[in-house]
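final28.pdb follows; it contains PDB, N, CA and C atoms.
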ATOM      1  N   MET A  12      19.690 -19.196  82.373  1.00  0.00           N
ATOM      2  CA  MET A  12      18.413 -19.175  83.076  1.00  0.00           C
ATOM      3  C   MET A  12      17.820 -17.772  83.000  1.00  0.00           C
ATOM      4  N   ASN A  13      16.548 -17.726  82.687  1.00  0.00           N
ATOM      5  CA  ASN A  13      15.848 -16.454  82.526  1.00  0.00           C
ATOM      6  C   ASN A  13      15.387 -15.898  83.868  1.00  0.00           C
ATOM      7  N   LYS A  14      15.326 -14.571  83.926  1.00  0.00           N
ATOM      8  CA  LYS A  14      14.733 -13.882  85.068  1.00  0.00           C
ATOM      9  C   LYS A  14      13.233 -13.787  84.825  1.00  0.00           C
ATOM     10  N   TYR A  15      12.477 -13.722  85.907  1.00  0.00           N
ATOM     11  CA  TYR A  15      11.020 -13.590  85.837  1.00  0.00           C
ATOM     12  C   TYR A  15      10.609 -12.424  86.714  1.00  0.00           C
ATOM     13  N   SER A  16       9.584 -11.680  86.261  1.00  0.00           N
ATOM     14  CA  SER A  16       9.104 -10.555  87.061  1.00  0.00           C
ATOM     15  C   SER A  16       7.675 -10.802  87.517  1.00  0.00           C
ATOM     16  N   CYS A  17       7.399 -10.329  88.715  1.00  0.00           N
ATOM     17  CA  CYS A  17       6.062 -10.430  89.284  1.00  0.00           C
ATOM     18  C   CYS A  17       5.159  -9.436  88.567  1.00  0.00           C
ATOM     19  N   ASP A  18       4.049  -9.924  88.034  1.00  0.00           N
ATOM     20  CA  ASP A  18       3.107  -9.066  87.323  1.00  0.00           C
ATOM     21  C   ASP A  18       2.393  -8.095  88.263  1.00  0.00           C
ATOM     22  N   THR A  19       2.396  -8.385  89.548  1.00  0.00           N
ATOM     23  CA  THR A  19       1.684  -7.555  90.516  1.00  0.00           C
ATOM     24  C   THR A  19       2.543  -6.419  91.072  1.00  0.00           C
ATOM     25  N   CYS A  20       3.775  -6.750  91.510  1.00  0.00           N
ATOM     26  CA  CYS A  20       4.580  -5.719  92.181  1.00  0.00           C
ATOM     27  C   CYS A  20       5.900  -5.395  91.480  1.00  0.00           C
ATOM     28  N   GLY A  21       6.293  -6.200  90.488  1.00  0.00           N
ATOM     29  CA  GLY A  21       7.521  -5.916  89.758  1.00  0.00           C
ATOM     30  C   GLY A  21       8.772  -6.579  90.303  1.00  0.00           C
ATOM     31  N   TYR A  22       8.648  -7.346  91.397  1.00  0.00           N
ATOM     32  CA  TYR A  22       9.810  -8.076  91.931  1.00  0.00           C
ATOM     33  C   TYR A  22      10.416  -8.938  90.832  1.00  0.00           C
ATOM     34  N   ILE A  23      11.738  -8.971  90.752  1.00  0.00           N
ATOM     35  CA  ILE A  23      12.436  -9.784  89.766  1.00  0.00           C
ATOM     36  C   ILE A  23      13.036 -11.007  90.457  1.00  0.00           C
ATOM     37  N   TYR A  24      12.623 -12.203  89.999  1.00  0.00           N
ATOM     38  CA  TYR A  24      13.281 -13.425  90.473  1.00  0.00           C
ATOM     39  C   TYR A  24      14.461 -13.693  89.552  1.00  0.00           C
ATOM     40  N   ASP A  25      15.658 -13.681  90.114  1.00  0.00           N
ATOM     41  CA  ASP A  25      16.887 -13.936  89.376  1.00  0.00           C
ATOM     42  C   ASP A  25      17.423 -15.294  89.825  1.00  0.00           C
ATOM     43  N   PRO A  26      17.416 -16.291  88.940  1.00  0.00           N
ATOM     44  CA  PRO A  26      17.892 -17.618  89.316  1.00  0.00           C
ATOM     45  C   PRO A  26      19.325 -17.626  89.849  1.00  0.00           C
ATOM     46  N   ALA A  27      20.157 -16.727  89.360  1.00  0.00           N
ATOM     47  CA  ALA A  27      21.540 -16.674  89.833  1.00  0.00           C
ATOM     48  C   ALA A  27      21.608 -16.314  91.319  1.00  0.00           C
ATOM     49  N   ALA A  28      20.653 -15.526  91.784  1.00  0.00           N
ATOM     50  CA  ALA A  28      20.620 -15.112  93.191  1.00  0.00           C
ATOM     51  C   ALA A  28      19.734 -16.021  94.034  1.00  0.00           C
ATOM     52  N   GLY A  29      18.717 -16.628  93.420  1.00  0.00           N
ATOM     53  CA  GLY A  29      17.758 -17.426  94.177  1.00  0.00           C
ATOM     54  C   GLY A  29      16.923 -16.535  95.088  1.00  0.00           C
ATOM     55  N   ASP A  30      16.434 -17.115  96.159  1.00  0.00           N
ATOM     56  CA  ASP A  30      15.669 -16.386  97.182  1.00  0.00           C
ATOM     57  C   ASP A  30      16.073 -16.974  98.531  1.00  0.00           C
ATOM     58  N   PRO A  31      17.347 -16.740  98.941  1.00  0.00           N
ATOM     59  CA  PRO A  31      17.859 -17.386 100.149  1.00  0.00           C
ATOM     60  C   PRO A  31      17.055 -17.105 101.419  1.00  0.00           C
ATOM     61  N   ASP A  32      16.424 -15.934 101.495  1.00  0.00           N
ATOM     62  CA  ASP A  32      15.624 -15.617 102.682  1.00  0.00           C
ATOM     63  C   ASP A  32      14.433 -16.560 102.822  1.00  0.00           C
ATOM     64  N   ASN A  33      14.040 -17.190 101.715  1.00  0.00           N
ATOM     65  CA  ASN A  33      12.906 -18.117 101.728  1.00  0.00           C
ATOM     66  C   ASN A  33      13.316 -19.538 101.353  1.00  0.00           C
ATOM     67  N   GLY A  34      14.605 -19.857 101.528  1.00  0.00           N
ATOM     68  CA  GLY A  34      15.091 -21.221 101.352  1.00  0.00           C
ATOM     69  C   GLY A  34      15.381 -21.645  99.925  1.00  0.00           C
ATOM     70  N   ILE A  35      15.430 -20.692  98.989  1.00  0.00           N
ATOM     71  CA  ILE A  35      15.704 -21.021  97.591  1.00  0.00           C
ATOM     72  C   ILE A  35      17.166 -20.694  97.309  1.00  0.00           C
ATOM     73  N   GLN A  36      17.944 -21.727  97.025  1.00  0.00           N
ATOM     74  CA  GLN A  36      19.374 -21.572  96.810  1.00  0.00           C
ATOM     75  C   GLN A  36      19.686 -20.889  95.482  1.00  0.00           C
ATOM     76  N   PRO A  37      20.779 -20.116  95.423  1.00  0.00           N
ATOM     77  CA  PRO A  37      21.225 -19.565  94.143  1.00  0.00           C
ATOM     78  C   PRO A  37      21.403 -20.683  93.121  1.00  0.00           C
ATOM     79  N   GLY A  38      21.052 -20.396  91.887  1.00  0.00           N
ATOM     80  CA  GLY A  38      21.143 -21.387  90.826  1.00  0.00           C
ATOM     81  C   GLY A  38      19.858 -22.155  90.594  1.00  0.00           C
ATOM     82  N   THR A  39      18.802 -21.861  91.370  1.00  0.00           N
ATOM     83  CA  THR A  39      17.511 -22.541  91.210  1.00  0.00           C
ATOM     84  C   THR A  39      16.717 -21.860  90.103  1.00  0.00           C
ATOM     85  N   SER A  40      16.435 -22.602  89.036  1.00  0.00           N
ATOM     86  CA  SER A  40      15.663 -22.021  87.937  1.00  0.00           C
ATOM     87  C   SER A  40      14.221 -21.783  88.377  1.00  0.00           C
ATOM     88  N   PHE A  41      13.572 -20.873  87.692  1.00  0.00           N
ATOM     89  CA  PHE A  41      12.181 -20.554  88.020  1.00  0.00           C
ATOM     90  C   PHE A  41      11.305 -21.800  87.922  1.00  0.00           C
ATOM     91  N   ASP A  42      11.566 -22.637  86.914  1.00  0.00           N
ATOM     92  CA  ASP A  42      10.776 -23.861  86.726  1.00  0.00           C
ATOM     93  C   ASP A  42      10.959 -24.871  87.848  1.00  0.00           C
ATOM     94  N   ASN A  43      12.021 -24.734  88.624  1.00  0.00           N
ATOM     95  CA  ASN A  43      12.288 -25.669  89.715  1.00  0.00           C
ATOM     96  C   ASN A  43      11.922 -25.122  91.090  1.00  0.00           C
ATOM     97  N   LEU A  44      11.249 -23.976  91.126  1.00  0.00           N
ATOM     98  CA  LEU A  44      10.795 -23.446  92.415  1.00  0.00           C
ATOM     99  C   LEU A  44       9.725 -24.368  92.993  1.00  0.00           C
ATOM    100  N   PRO A  45       9.660 -24.488  94.316  1.00  0.00           N
ATOM    101  CA  PRO A  45       8.605 -25.299  94.923  1.00  0.00           C
ATOM    102  C   PRO A  45       7.217 -24.759  94.553  1.00  0.00           C
ATOM    103  N   VAL A  46       6.227 -25.635  94.481  1.00  0.00           N
ATOM    104  CA  VAL A  46       4.878 -25.221  94.086  1.00  0.00           C
ATOM    105  C   VAL A  46       4.266 -24.218  95.062  1.00  0.00           C
ATOM    106  N   ASP A  47       4.741 -24.204  96.297  1.00  0.00           N
ATOM    107  CA  ASP A  47       4.180 -23.280  97.289  1.00  0.00           C
ATOM    108  C   ASP A  47       4.988 -21.979  97.419  1.00  0.00           C
ATOM    109  N   TRP A  48       5.989 -21.778  96.547  1.00  0.00           N
ATOM    110  CA  TRP A  48       6.775 -20.538  96.591  1.00  0.00           C
ATOM    111  C   TRP A  48       5.895 -19.374  96.169  1.00  0.00           C
ATOM    112  N   VAL A  49       6.046 -18.253  96.860  1.00  0.00           N
ATOM    113  CA  VAL A  49       5.296 -17.035  96.531  1.00  0.00           C
ATOM    114  C   VAL A  49       6.257 -15.859  96.442  1.00  0.00           C
ATOM    115  N   CYS A  50       5.824 -14.806  95.799  1.00  0.00           N
ATOM    116  CA  CYS A  50       6.616 -13.590  95.686  1.00  0.00           C
ATOM    117  C   CYS A  50       6.975 -13.100  97.094  1.00  0.00           C
ATOM    118  N   PRO A  51       8.262 -12.872  97.352  1.00  0.00           N
ATOM    119  CA  PRO A  51       8.652 -12.433  98.700  1.00  0.00           C
ATOM    120  C   PRO A  51       8.213 -11.008  99.033  1.00  0.00           C
ATOM    121  N   ILE A  52       7.769 -10.253  98.045  1.00  0.00           N
ATOM    122  CA  ILE A  52       7.329  -8.875  98.294  1.00  0.00           C
ATOM    123  C   ILE A  52       5.821  -8.799  98.521  1.00  0.00           C
ATOM    124  N   CYS A  53       5.041  -9.369  97.581  1.00  0.00           N
ATOM    125  CA  CYS A  53       3.585  -9.189  97.669  1.00  0.00           C
ATOM    126  C   CYS A  53       2.811 -10.479  97.942  1.00  0.00           C
ATOM    127  N   GLY A  54       3.473 -11.633  97.855  1.00  0.00           N
ATOM    128  CA  GLY A  54       2.824 -12.882  98.257  1.00  0.00           C
ATOM    129  C   GLY A  54       2.009 -13.599  97.192  1.00  0.00           C
ATOM    130  N   VAL A  55       2.055 -13.130  95.925  1.00  0.00           N
ATOM    131  CA  VAL A  55       1.297 -13.839  94.890  1.00  0.00           C
ATOM    132  C   VAL A  55       2.048 -15.098  94.460  1.00  0.00           C
ATOM    133  N   SER A  56       1.333 -16.039  93.875  1.00  0.00           N
ATOM    134  CA  SER A  56       1.937 -17.298  93.458  1.00  0.00           C
ATOM    135  C   SER A  56       2.772 -17.116  92.190  1.00  0.00           C
ATOM    136  N   ALA A  57       3.623 -18.100  91.920  1.00  0.00           N
ATOM    137  CA  ALA A  57       4.551 -18.045  90.792  1.00  0.00           C
ATOM    138  C   ALA A  57       3.838 -17.973  89.447  1.00  0.00           C
ATOM    139  N   ASP A  58       2.579 -18.384  89.377  1.00  0.00           N
ATOM    140  CA  ASP A  58       1.869 -18.334  88.090  1.00  0.00           C
ATOM    141  C   ASP A  58       1.545 -16.898  87.660  1.00  0.00           C
ATOM    142  N   LEU A  59       1.787 -15.922  88.552  1.00  0.00           N
ATOM    143  CA  LEU A  59       1.582 -14.512  88.212  1.00  0.00           C
ATOM    144  C   LEU A  59       2.906 -13.809  87.904  1.00  0.00           C
ATOM    145  N   PHE A  60       3.886 -14.587  87.439  1.00  0.00           N
ATOM    146  CA  PHE A  60       5.192 -14.064  87.017  1.00  0.00           C
ATOM    147  C   PHE A  60       5.308 -14.228  85.511  1.00  0.00           C
ATOM    148  N   SER A  61       6.048 -13.315  84.887  1.00  0.00           N
ATOM    149  CA  SER A  61       6.280 -13.372  83.440  1.00  0.00           C
ATOM    150  C   SER A  61       7.783 -13.379  83.169  1.00  0.00           C
ATOM    151  N   PRO A  62       8.213 -14.098  82.116  1.00  0.00           N
ATOM    152  CA  PRO A  62       9.648 -14.080  81.782  1.00  0.00           C
ATOM    153  C   PRO A  62      10.100 -12.695  81.364  1.00  0.00           C
ATOM    154  N   GLN A  63      11.339 -12.385  81.663  1.00  0.00           N
ATOM    155  CA  GLN A  63      11.938 -11.093  81.284  1.00  0.00           C
ATOM    156  C   GLN A  63      12.495 -11.177  79.892  1.00  0.00           C
TER     157      GLN A  63
END
Before we go any further, please render this structure as structure tokens.
Amino acid sequence: MNKYSCDTCGYIYDPAAGDPDNGIQPGTSFDNLPVDWVCPICGVSADLFSPQ
């Protein structure tokens, strides 16, 4: 699974870690994130992320 970075603030979404603080379990691929998931740092939507 690829990591994705936020184009706005540089946050890295790592599927191996997930985003447990926002209910995303480790092992969740970027493509399987909920449609309403946003960057936990700056709040932009997932469509403003780029693959690493």
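The shortest atom-to-atom distance to Met12 in chain A, with only N, CA and C atoms taken into account, belongs to A:Ser40 out of A:Pro45, A:Asn33, A:Ser40, A:Ala57.
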Kindly give the distance, in Å, that separates atom N of Phe60 in chain A and atom N of Pro37 in chain A, rounded to a single decimal.
->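 Atom-to-atom, atom N of Phe60 in chain A and atom N of Pro37 in chain A are spaced 19.5 Å apart.
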Residues at most 6 Å from Ser61 in chain A, counting all atoms listed in the file, excluding those fewer than 2 positions away in the same chain, as an MDAnalysis selection string?
-> chainID A and resid 14:18 59 63
In Å, with one decimal, what is the gap from atom N of Gly21 in chain A to CA of Pro62 in chain A?
-> 12.2 Å
In chain A, what's strand (DSSP E or B) per DSSP? Answer as a ChimeraX atom specification?
-> /A:15-17,23-24,30,35,49,56,60-62
Apply the PyMOL selection byres (((chain A and resi 48 and name CA) around 10) and name CA) to the file shown and report the selected residues as JSON, numbers by chain.
-> {"A": [30, 33, 34, 35, 44, 45, 46, 47, 49, 50, 51, 54, 55, 56, 57]}
How would the residues just chosen look if you wrote them out with N, CA and C atoms as a CSV table (one decimal), in the coordinates of the input?
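Saved to part.csv:
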chain,number,residue,atom,x,y,z
A,30,ASP,N,16.4,-17.1,96.2
A,30,ASP,CA,15.7,-16.4,97.2
A,30,ASP,C,16.1,-17.0,98.5
A,33,ASN,N,14.0,-17.2,101.7
A,33,ASN,CA,12.9,-18.1,101.7
A,33,ASN,C,13.3,-19.5,101.4
A,34,GLY,N,14.6,-19.9,101.5
A,34,GLY,CA,15.1,-21.2,101.4
A,34,GLY,C,15.4,-21.6,99.9
A,35,ILE,N,15.4,-20.7,99.0
A,35,ILE,CA,15.7,-21.0,97.6
A,35,ILE,C,17.2,-20.7,97.3
A,44,LEU,N,11.2,-24.0,91.1
A,44,LEU,CA,10.8,-23.4,92.4
A,44,LEU,C,9.7,-24.4,93.0
A,45,PRO,N,9.7,-24.5,94.3
A,45,PRO,CA,8.6,-25.3,94.9
A,45,PRO,C,7.2,-24.8,94.6
A,46,VAL,N,6.2,-25.6,94.5
A,46,VAL,CA,4.9,-25.2,94.1
A,46,VAL,C,4.3,-24.2,95.1
A,47,ASP,N,4.7,-24.2,96.3
A,47,ASP,CA,4.2,-23.3,97.3
A,47,ASP,C,5.0,-22.0,97.4
A,49,VAL,N,6.0,-18.3,96.9
A,49,VAL,CA,5.3,-17.0,96.5
A,49,VAL,C,6.3,-15.9,96.4
A,50,CYS,N,5.8,-14.8,95.8
A,50,CYS,CA,6.6,-13.6,95.7
A,50,CYS,C,7.0,-13.1,97.1
A,51,PRO,N,8.3,-12.9,97.4
A,51,PRO,CA,8.7,-12.4,98.7
A,51,PRO,C,8.2,-11.0,99.0
A,54,GLY,N,3.5,-11.6,97.9
A,54,GLY,CA,2.8,-12.9,98.3
A,54,GLY,C,2.0,-13.6,97.2
A,55,VAL,N,2.1,-13.1,95.9
A,55,VAL,CA,1.3,-13.8,94.9
A,55,VAL,C,2.0,-15.1,94.5
A,56,SER,N,1.3,-16.0,93.9
A,56,SER,CA,1.9,-17.3,93.5
A,56,SER,C,2.8,-17.1,92.2
A,57,ALA,N,3.6,-18.1,91.9
A,57,ALA,CA,4.6,-18.0,90.8
A,57,ALA,C,3.8,-18.0,89.4
Any idea what's packed within 7 Å of Gln36 in chain A, counting only N, CA and C atoms, ignoring anything in its chain fewer than 4 positions away? Could you give it as an NGL selection string?
-> :A and (26-31)
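The gap separating CA of Tyr22 in chain A from CA of Thr39 in chain A is 16.4 Å, in Å to one decimal.
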Would you compute, for all listed atoms of range 12-30 of chain A, the axis-aligned bounding box grown by 3 Å on each side, and then report its centre and edge lengths in Å rounded to one decimal, as JSON?
{"center_x": 11.6, "center_y": -12.3, "center_z": 90.5, "size_x": 25.9, "size_y": 19.8, "size_z": 22.2}
From a DSSP pass on the backbone, collect the residues of chain A flagged as helix (DSSP H, G or I) and hand them back as a PyMOL selection string.
-> chain A and resi 31-33+41-43+57-59
